[in-house]
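protein17.txt, holding compact mmCIF, C-alpha atoms:
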```txt
# COMPACT_ATOMS: atom_id res chain seq x y z
CA MET A 1 137.77 100.52 98.08
CA GLU A 2 134.39 100.98 99.80
CA ARG A 3 134.01 104.47 98.30
CA SER A 4 134.90 103.26 94.81
CA LEU A 5 132.42 100.39 95.13
CA ARG A 6 129.64 102.78 96.08
CA ALA A 7 130.58 104.96 93.12
CA ALA A 8 130.47 101.92 90.82
CA ARG A 9 127.01 101.07 92.12
CA VAL A 10 125.78 104.60 91.49
CA ALA A 11 127.29 104.51 88.00
CA THR A 12 125.44 101.26 87.30
CA TYR A 13 122.19 102.92 88.34
CA VAL A 14 123.01 105.74 85.93
CA TYR A 15 123.52 103.38 83.00
CA PHE A 16 120.27 101.54 83.71
CA VAL A 17 118.38 104.84 83.79
CA LEU A 18 120.19 105.87 80.61
CA CYS A 19 119.27 102.67 78.79
CA GLY A 20 115.63 102.99 79.83
CA THR A 21 115.54 106.65 78.80
CA LEU A 22 117.06 106.12 75.35
CA LEU A 23 114.88 103.13 74.50
CA SER A 24 111.73 104.83 75.79
CA THR A 25 112.55 107.98 73.83
CA TRP A 26 112.09 105.95 70.65
CA VAL A 27 108.87 104.44 72.05
CA VAL A 28 107.21 107.76 72.89
CA HIS A 29 107.99 109.06 69.38
CA ILE A 30 106.54 106.02 67.60
CA PRO A 31 103.18 107.67 66.75
CA ALA A 32 104.83 110.74 65.19
CA ILE A 33 107.37 108.67 63.24
CA GLU A 34 104.70 106.25 62.06
CA GLU A 35 102.64 109.14 60.70
CA ARG A 36 105.66 110.82 59.13
CA VAL A 37 106.85 107.68 57.36
CA GLY A 38 103.30 106.77 56.36
CA ILE A 39 103.15 103.15 57.44
CA SER A 40 100.35 101.01 58.83
CA HIS A 41 100.23 99.41 62.26
CA ALA A 42 100.93 96.04 60.64
CA THR A 43 104.08 97.37 58.94
CA LEU A 44 105.18 98.97 62.19
CA GLY A 45 104.81 95.60 63.92
CA GLY A 46 107.19 94.05 61.41
CA LEU A 47 109.67 96.86 61.87
CA LEU A 48 109.62 96.36 65.64
CA VAL A 49 110.78 92.81 64.98
CA VAL A 50 113.77 94.31 63.14
CA LEU A 51 114.53 96.38 66.26
CA GLY A 52 114.40 93.21 68.33
CA LEU A 53 116.62 91.37 65.88
CA GLY A 54 119.21 94.13 66.12
CA ALA A 55 119.07 94.03 69.92
CA PHE A 56 119.47 90.25 69.93
CA VAL A 57 122.56 90.45 67.69
CA GLY A 58 123.98 93.26 69.82
CA MET A 59 123.54 91.18 72.97
CA ARG A 60 125.25 88.17 71.46
CA VAL A 61 128.18 90.28 70.26
CA ALA A 62 128.56 92.34 73.42
CA GLY A 63 128.70 89.37 75.80
CA PRO A 64 132.05 87.91 74.69
CA LEU A 65 133.43 91.41 74.08
CA THR A 66 132.59 92.37 77.65
CA ASP A 67 134.47 89.35 78.98
CA ARG A 68 137.47 90.10 76.76
CA LEU A 69 137.73 93.89 77.06
CA GLY A 70 136.03 94.49 80.41
CA THR A 71 132.83 96.28 81.36
CA ARG A 72 134.71 99.54 81.92
CA VAL A 73 135.30 99.66 78.15
CA VAL A 74 132.17 98.10 76.67
CA VAL A 75 129.53 99.76 78.91
CA PRO A 76 130.41 103.38 78.08
CA VAL A 77 131.00 102.52 74.41
CA GLY A 78 127.55 100.91 74.31
CA GLY A 79 126.04 103.99 75.95
CA VAL A 80 127.75 106.36 73.51
CA LEU A 81 126.70 104.32 70.47
CA CYS A 82 123.14 104.01 71.74
CA GLY A 83 122.88 107.77 72.28
CA ALA A 84 124.59 108.59 68.99
CA THR A 85 122.19 106.43 66.94
CA LEU A 86 118.96 107.41 68.71
CA PHE A 87 118.11 110.15 66.20
CA LEU A 88 118.28 107.83 63.18
CA PRO A 89 114.65 106.60 63.32
CA GLY A 90 113.51 110.22 63.44
CA LEU A 91 115.19 110.88 60.07
CA ALA A 92 113.59 107.90 58.30
CA HIS A 93 111.43 108.77 55.29
CA ASP A 94 110.26 105.31 54.19
CA PRO A 95 109.93 101.80 55.66
CA TRP A 96 113.36 100.71 54.40
CA THR A 97 115.28 103.57 56.00
CA LEU A 98 113.29 103.13 59.20
CA ALA A 99 114.14 99.42 59.23
CA ALA A 100 117.85 100.20 58.79
CA ALA A 101 117.73 102.82 61.54
CA LEU A 102 115.97 100.48 63.96
CA LEU A 103 118.40 97.66 63.19
CA VAL A 104 121.39 99.88 64.05
CA PHE A 105 119.77 101.42 67.13
CA GLY A 106 118.62 98.01 68.35
CA LEU A 107 122.12 96.58 67.97
CA CYS A 108 123.62 99.42 70.03
CA ASN A 109 120.89 99.14 72.66
CA GLY A 110 121.56 95.41 72.97
CA CYS A 111 125.27 96.10 73.53
CA LEU A 112 124.50 98.53 76.34
CA ASP A 113 121.89 96.23 77.89
CA VAL A 114 124.13 93.17 78.21
CA SER A 115 127.31 95.01 79.22
CA MET A 116 125.59 97.03 81.97
CA ASN A 117 123.98 93.85 83.33
CA ALA A 118 127.40 92.16 83.33
CA HIS A 119 128.80 95.10 85.29
CA ALA A 120 125.84 94.87 87.67
CA VAL A 121 126.85 91.25 88.32
CA HIS A 122 130.40 92.37 89.18
CA VAL A 123 129.05 95.03 91.56
CA GLU A 124 126.75 92.49 93.19
CA LYS A 125 129.65 90.07 93.63
CA ALA A 126 131.74 92.79 95.26
CA TYR A 127 128.89 93.65 97.64
CA GLY A 128 128.34 90.01 98.52
CA ARG A 129 124.57 90.46 98.62
CA PRO A 130 121.76 90.85 96.07
CA VAL A 131 121.52 94.30 94.46
CA MET A 132 120.45 93.35 90.92
CA SER A 133 116.71 93.99 91.27
CA GLY A 134 117.34 97.59 92.34
CA PHE A 135 119.21 98.21 89.10
CA HIS A 136 116.33 96.84 87.04
CA ALA A 137 113.86 99.00 88.97
CA THR A 138 115.69 102.16 87.89
CA PHE A 139 115.27 101.18 84.24
CA SER A 140 111.62 102.24 84.65
CA VAL A 141 112.74 105.66 85.82
CA GLY A 142 114.17 106.18 82.34
CA GLY A 143 110.73 105.56 80.87
CA VAL A 144 109.26 108.33 82.99
CA LEU A 145 112.01 110.76 81.97
CA ALA A 146 111.52 109.91 78.29
CA ALA A 147 107.75 110.40 78.55
CA LEU A 148 108.21 113.85 80.08
CA ALA A 149 110.79 114.84 77.46
CA GLY A 150 108.62 113.48 74.65
CA ALA A 151 105.64 115.46 75.86
CA GLY A 152 107.77 118.61 75.85
CA VAL A 153 108.97 117.95 72.30
CA ALA A 154 105.42 117.36 71.08
CA SER A 155 104.00 120.46 72.78
CA ALA A 156 106.80 122.59 71.31
CA GLY A 157 106.03 121.28 67.82
CA LEU A 158 109.60 120.09 67.24
CA HIS A 159 110.59 117.49 64.64
CA PRO A 160 110.94 114.02 66.24
CA ALA A 161 114.54 113.80 65.06
CA ALA A 162 115.37 117.04 66.89
CA GLY A 163 114.02 115.80 70.20
CA MET A 164 115.65 112.41 69.79
CA ALA A 165 118.97 113.97 68.81
CA ALA A 166 118.90 116.21 71.88
CA MET A 167 118.18 113.28 74.18
CA GLY A 168 120.84 111.20 72.44
CA ALA A 169 123.42 113.96 72.91
CA VAL A 170 122.64 114.08 76.62
CA GLY A 171 122.98 110.31 76.69
CA VAL A 172 126.44 110.44 75.12
CA VAL A 173 127.60 112.96 77.73
CA VAL A 174 126.17 110.89 80.60
CA ALA A 175 127.71 107.67 79.25
CA VAL A 176 131.16 109.25 79.09
CA ALA A 177 130.87 111.03 82.45
CA ALA A 178 129.84 107.91 84.37
CA ALA A 179 132.54 105.69 82.86
CA ARG A 180 135.30 106.55 85.34
CA ALA A 181 133.30 105.17 88.27
CA LEU A 182 132.88 101.71 86.74
CA LEU A 183 134.83 98.79 88.19
CA PRO A 184 138.02 98.18 86.21
CA ALA A 185 137.58 94.39 86.31
CA ALA A 186 135.52 91.66 87.87
CA PRO A 187 136.17 91.14 91.60
CA ALA A 188 138.57 88.33 92.49
CA VAL A 189 136.78 85.05 93.09
CA GLU A 190 137.72 81.60 94.28
CA GLY A 191 135.93 79.68 91.56
CA PRO A 192 132.92 79.66 89.31
CA GLY A 193 129.85 80.93 91.06
CA SER A 194 131.57 82.00 94.28
CA VAL A 195 130.66 85.16 96.09
CA HIS A 196 133.04 86.27 98.79
CA GLY A 197 134.27 82.76 99.31
CA THR A 198 130.88 81.10 98.90
CA ALA A 199 131.45 78.14 96.57
CA THR A 200 128.95 76.62 94.24
CA SER A 201 127.11 73.52 95.34
CA PRO A 202 129.27 70.45 94.85
CA ALA A 203 126.52 68.92 92.74
CA VAL A 204 127.01 71.65 90.20
CA GLY A 205 130.35 71.26 88.45
CA ALA A 206 132.06 73.55 85.99
CA GLY A 207 131.26 71.16 83.14
CA SER A 208 127.51 71.72 83.59
CA THR A 209 127.73 75.50 83.66
CA ARG A 210 126.78 76.02 80.02
CA GLY A 211 123.77 73.71 80.29
CA ARG A 212 122.63 75.44 83.46
CA VAL A 213 122.93 78.83 81.81
CA TRP A 214 120.74 77.69 78.93
CA LEU A 215 118.16 76.45 81.44
CA LEU A 216 118.23 79.93 82.98
CA ALA A 217 117.76 81.36 79.49
CA VAL A 218 114.68 79.19 78.91
CA LEU A 219 113.21 80.39 82.21
CA ALA A 220 113.97 83.97 81.18
CA LEU A 221 112.18 83.39 77.88
CA MET A 222 109.06 82.20 79.71
CA VAL A 223 109.09 85.03 82.25
CA MET A 224 109.73 87.76 79.68
CA LEU A 225 107.09 86.29 77.36
CA CYS A 226 104.65 86.88 80.23
CA GLU A 227 105.93 90.46 80.62
CA GLY A 228 105.58 91.15 76.91
CA ALA A 229 102.03 89.79 76.88
CA ALA A 230 101.07 92.03 79.79
CA ASN A 231 102.61 95.08 78.12
CA ASP A 232 100.50 94.76 74.98
CA TRP A 233 97.33 92.95 76.07
CA SER A 234 96.46 94.11 79.60
CA ALA A 235 94.63 97.27 78.53
CA LEU A 236 92.96 95.52 75.59
CA HIS A 237 91.73 92.76 77.88
CA MET A 238 90.23 95.28 80.26
CA LYS A 239 88.48 97.09 77.40
CA ASP A 240 87.34 94.21 75.18
CA VAL A 241 86.64 91.49 77.76
CA MET A 242 85.64 93.48 80.84
CA GLY A 243 83.91 96.29 78.91
CA ALA A 244 85.86 99.11 80.60
CA SER A 245 86.33 102.51 79.00
CA ALA A 246 89.62 103.31 77.29
CA GLY A 247 90.66 105.53 80.20
CA THR A 248 89.90 102.87 82.78
CA ALA A 249 91.50 100.14 80.69
CA ALA A 250 94.82 102.01 80.68
CA PHE A 251 95.05 101.52 84.45
CA ALA A 252 95.37 97.76 83.92
CA TYR A 253 98.86 98.20 82.53
CA GLY A 254 99.47 100.93 85.11
CA ALA A 255 98.70 98.48 87.92
CA PHE A 256 101.00 95.89 86.38
CA ALA A 257 103.90 98.32 85.81
CA ALA A 258 103.61 100.02 89.20
CA ALA A 259 103.53 96.69 91.05
CA MET A 260 106.54 95.49 89.06
CA THR A 261 108.54 98.60 89.93
CA VAL A 262 107.69 98.35 93.63
CA GLY A 263 108.50 94.65 93.62
CA ARG A 264 111.92 95.23 92.11
CA LEU A 265 112.70 97.87 94.70
CA LEU A 266 111.96 95.33 97.45
CA ALA A 267 113.24 92.12 95.82
CA ASP A 268 116.90 92.56 96.77
CA ARG A 269 116.06 92.67 100.45
CA PHE A 270 113.99 89.51 100.25
CA ALA A 271 116.59 87.76 98.08
CA ALA A 272 119.26 88.53 100.68
CA ARG A 273 117.11 87.00 103.41
CA PHE A 274 115.51 84.03 101.67
CA GLY A 275 117.66 83.38 98.59
CA ALA A 276 117.22 83.83 94.86
CA PRO A 277 115.44 80.48 94.30
CA ALA A 278 112.75 81.52 96.76
CA ILE A 279 112.23 84.81 94.92
CA LEU A 280 111.83 83.00 91.59
CA ARG A 281 109.70 80.17 92.98
CA HIS A 282 107.28 82.23 95.05
CA GLY A 283 107.29 85.15 92.64
CA ALA A 284 106.27 82.94 89.73
CA ALA A 285 103.60 81.33 91.91
CA VAL A 286 102.18 84.75 92.83
CA ALA A 287 102.21 85.70 89.14
CA ALA A 288 100.31 82.50 88.32
CA VAL A 289 97.67 83.38 90.91
CA GLY A 290 97.47 86.93 89.54
CA ILE A 291 96.95 86.01 85.89
CA THR A 292 94.44 83.32 86.91
CA LEU A 293 92.52 86.02 88.76
CA VAL A 294 92.58 88.09 85.57
CA VAL A 295 91.08 85.16 83.64
CA LEU A 296 88.41 84.28 86.20
CA GLY A 297 87.75 87.60 87.94
CA PRO A 298 84.12 88.73 87.43
CA TRP A 299 84.61 92.35 88.53
CA LEU A 300 86.93 95.16 87.46
CA TRP A 301 88.58 95.43 90.86
CA THR A 302 89.45 91.73 90.87
CA VAL A 303 91.03 92.03 87.42
CA PHE A 304 93.03 95.11 88.50
CA THR A 305 94.19 93.12 91.53
CA GLY A 306 95.16 90.24 89.26
CA TRP A 307 97.29 92.44 87.00
CA ALA A 308 98.97 93.98 90.05
CA LEU A 309 99.77 90.53 91.48
CA PHE A 310 101.03 89.43 88.07
CA GLY A 311 103.47 92.37 87.97
CA LEU A 312 104.51 91.93 91.59
CA GLY A 313 105.20 88.24 91.12
CA LEU A 314 107.22 88.68 87.92
CA SER A 315 109.16 91.68 89.25
CA GLY A 316 112.04 89.84 90.88
CA CYS A 317 112.30 86.91 88.46
CA VAL A 318 114.35 88.36 85.60
CA PRO A 319 116.95 90.09 87.83
CA GLN A 320 117.55 86.80 89.69
CA LEU A 321 117.99 84.92 86.40
CA PHE A 322 120.44 87.51 85.05
CA SER A 323 122.34 87.48 88.33
CA ALA A 324 122.56 83.69 88.42
CA ALA A 325 123.84 83.61 84.83
CA GLY A 326 126.56 86.14 85.61
CA HIS A 327 127.65 84.34 88.78
CA ALA A 328 127.69 80.91 87.13
CA ASP A 329 131.17 81.61 85.76
CA PRO A 330 132.56 85.10 86.54
CA SER A 331 135.18 84.78 83.80
CA ALA A 332 132.37 84.50 81.23
CA ALA A 333 129.77 86.70 82.92
CA GLY A 334 129.16 88.78 79.79
CA ALA A 335 128.66 85.80 77.50
CA ASN A 336 126.36 84.04 79.96
CA VAL A 337 124.26 87.15 80.59
CA SER A 338 124.00 87.66 76.83
CA ARG A 339 122.58 84.14 76.42
CA VAL A 340 119.94 84.66 79.10
CA ALA A 341 119.11 88.23 78.06
CA GLY A 342 119.02 87.35 74.37
CA LEU A 343 116.62 84.44 74.73
CA GLY A 344 114.58 86.44 77.23
CA TYR A 345 114.31 89.26 74.73
CA VAL A 346 112.97 86.79 72.17
CA GLY A 347 110.27 85.92 74.71
CA MET A 348 109.47 89.58 75.27
CA LEU A 349 108.95 90.08 71.54
CA ALA A 350 107.09 86.80 71.07
CA GLY A 351 104.67 87.26 73.97
CA PRO A 352 102.26 89.67 72.25
CA ALA A 353 102.41 87.69 69.00
CA VAL A 354 101.76 84.34 70.70
CA ILE A 355 98.74 85.68 72.56
CA GLY A 356 97.50 87.31 69.34
CA TRP A 357 97.80 84.00 67.51
CA LEU A 358 95.91 82.17 70.26
CA THR A 359 93.02 84.64 70.02
CA HIS A 360 92.29 83.14 66.59
CA LEU A 361 91.54 79.87 68.41
CA VAL A 362 90.13 80.91 71.80
CA ALA A 363 88.89 84.02 73.58
CA LEU A 364 91.50 86.50 74.83
CA ASP A 365 90.96 85.70 78.49
CA HIS A 366 91.31 81.98 77.77
CA ALA A 367 94.55 82.64 75.90
CA PHE A 368 96.01 83.96 79.16
CA VAL A 369 95.88 80.39 80.54
CA LEU A 370 99.18 79.91 78.67
CA LEU A 371 100.74 82.55 80.93
CA THR A 372 99.52 80.66 83.99
CA LEU A 373 101.18 77.49 82.70
CA LEU A 374 104.45 79.33 82.01
CA CYS A 375 104.48 80.82 85.51
CA VAL A 376 103.83 77.44 87.12
CA THR A 377 106.63 75.89 85.03
CA THR A 378 108.99 78.67 86.12
CA ALA A 379 108.12 78.10 89.77
CA VAL A 380 108.88 74.39 89.41
CA GLY A 381 112.16 75.14 87.63
CA ALA A 382 113.37 77.63 90.25
CA ARG A 383 115.81 75.12 91.72
CA VAL A 384 118.08 75.69 88.71
CA LEU A 385 119.31 78.82 90.52
CA HIS A 386 122.38 77.14 92.00
CA THR A 387 124.43 80.31 91.68
CA GLY A 388 124.21 83.85 92.92
CA PRO A 389 124.74 85.54 96.27
CA ALA A 390 123.67 83.50 99.25
CA PRO A 391 121.20 85.11 101.61
CA VAL A 392 122.64 87.41 104.25
CA ARG A 393 121.24 86.30 107.55
CA ARG A 394 120.51 88.70 110.36
CA GLY A 395 123.65 89.57 112.26
CA GLU A 396 125.95 88.22 109.57
CA ARG A 397 128.26 90.23 107.34
CA PRO A 398 129.10 89.03 103.83
CA ALA A 399 132.80 89.43 104.52
CA ASP A 400 132.49 86.97 107.42
CA ARG A 401 131.76 84.12 105.05
CA THR A 402 135.06 82.38 104.50
CA ARG A 403 133.66 78.93 103.95
CA GLU A 404 130.12 77.78 103.23
CA PRO A 405 129.38 74.56 101.36
CA GLU A 406 126.13 75.55 99.69
CA THR A 407 124.66 78.65 98.06
CA ALA A 408 121.29 80.25 98.16
CA ALA A 409 119.96 77.23 96.32
CA SER A 410 119.54 75.56 99.69
CA SER A 411 117.33 78.37 100.95
CA PRO A 412 113.60 77.81 101.24
```
Would you mind giving the structure from this file in structure tokens?
Amino acid sequence: MERSLRAARVATYVYFVLCGTLLSTWVVHIPAIEERVGISHATLGGLLVVLGLGAFVGMRVAGPLTDRLGTRVVVPVGGVLCGATLFLPGLAHDPWTLAAALLVFGLCNGCLDVSMNAHAVHVEKAYGRPVMSGFHATFSVGGVLAALAGAGVASAGLHPAAGMAAMGAVGVVVAVAAARALLPAAPAVEGPGSVHGTATSPAVGAGSTRGRVWLLAVLALMVMLCEGAANDWSALHMKDVMGASAGTAAFAYGAFAAAMTVGRLLADRFAARFGAPAILRHGAAVAAVGITLVVLGPWLWTVFTGWALFGLGLSGCVPQLFSAAGHADPSAAGANVSRVAGLGYVGMLAGPAVIGWLTHLVALDHAFVLLTLLCVTTAVGARVLHTGPAPVRRGERPADRTREPETAASSP
């Protein structure tokens, strides 16, 4: 059993890398496809909304399917479909065909995203300790692989569809090959939210599970709105507000992304020791300090530090929210994760647009005050994490926990 669990964990890492690689392959080919189709930046922005809409629908569909058919079926199917449809945007010849291609690819990507997160919840439950943040960290590895592959395609002068088809074919093979190592079903549990015999807090009954999941989804929306804003506005802020060169400005997003990756690699260890609510509470507080430093910092180095703190603080928040949603009711892990991921994805898409809209009213750096408010609200709402693996204290093994009245929600 221990060997099969390790294999399932490795397979989950593989699917997260795969999802990141396939999605980022489309991203790195955006400039070439935009030029080939002959559309403006404004039109492209609208088409990206179509991609998000497809992903949202895919997430909502895949959640219940995952609970009904099992992650061992839906995860590899999602991976195969995502790889098989990756080349479609590269074949588009006008805005309408590109919109259709992005809708289909987004739907398949959403299916893979939710189902692999649901499987990650099952793996985490079997381990009896937090491992979710590590999975999310490897998603970024896929972005690096896609960037390297995209650079090779561009330097070789290949058609975007050719490079995307090749990467998609590799993705199909990987999705099929890793399927056998997935867990056949969710680990046996004693009740909603339990992890190796750890029951949910008595104050949190089964009847309130749906409401609690939607609260988690609202927190995910706020956190991922902050992430989306950083993705699209960090470099522009550095260039337009701080007067940095384009090359220097790019390091603003680099500082944010690097800190987020490092934070996710470390978050599981801290979550095991201090509990998921502490990760969300203190992480959101650090993010609030970071973005405030971005707004008020008078020097480049202080702004770089602010973006790094913003990424570090946000890094562990989304994995804890996904994990809590999945553990809230293991029999409906897929559906609950799809609710949190779907609303969070809306926030990711809305973040850049909301900040852009605010810049019509106030300066860009003042618009970032909204992000501070969202981070503070998230920190205050961290106590909603009543589910998820309880912290593993020094000298204690997860299997030793046969009875414990409260979860990690009681942790500092």
(request) Pick out the residues sitting within 10 Å of Ala84 of chain A, and hand them over as a count of residues only; count all atoms listed in the file, and ignore anything fewer than 6 positions along from it in its own chain. (result) 12
(message) Report, in Å to a single decimal, how far apart atom CA of Arg60 of chain A and atom CA of Tyr345 of chain A are.
(response) 11.5 Å
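The interatomic distance for the pair atom CA of Gly163 of chain A and atom CA of His29 of chain A works out to 9.1 Å.
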(message) What does the structure give for the distance between atom CA of Met59 of chain A and atom CA of Gly342 of chain A, in Å to one decimal?
(response) 6.1 Å
(request) Find the residue from A:Ala175, A:Ala341, A:Leu102, A:Leu91 that sits nearest to Val218 of chain A; use all atoms listed in the file when measuring. (result) A:Ala341
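The shortest atom-to-atom distance to Ala11 of chain A, with all atoms listed in the file taken into account, belongs to A:Thr138 out of A:Gly351, A:Thr138, A:Phe304, A:Cys111.
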(request) Determine, counting all atoms listed in the file, which protein, DNA and RNA residues have an atom within 9 Å of an atom of segment 254-264 of chain A; residues of the same chain fewer than 5 positions away are not included. Present the result as a PyMOL selection string. (result) chain A and resi 132-138+140+230-231+234-235+304-316+319
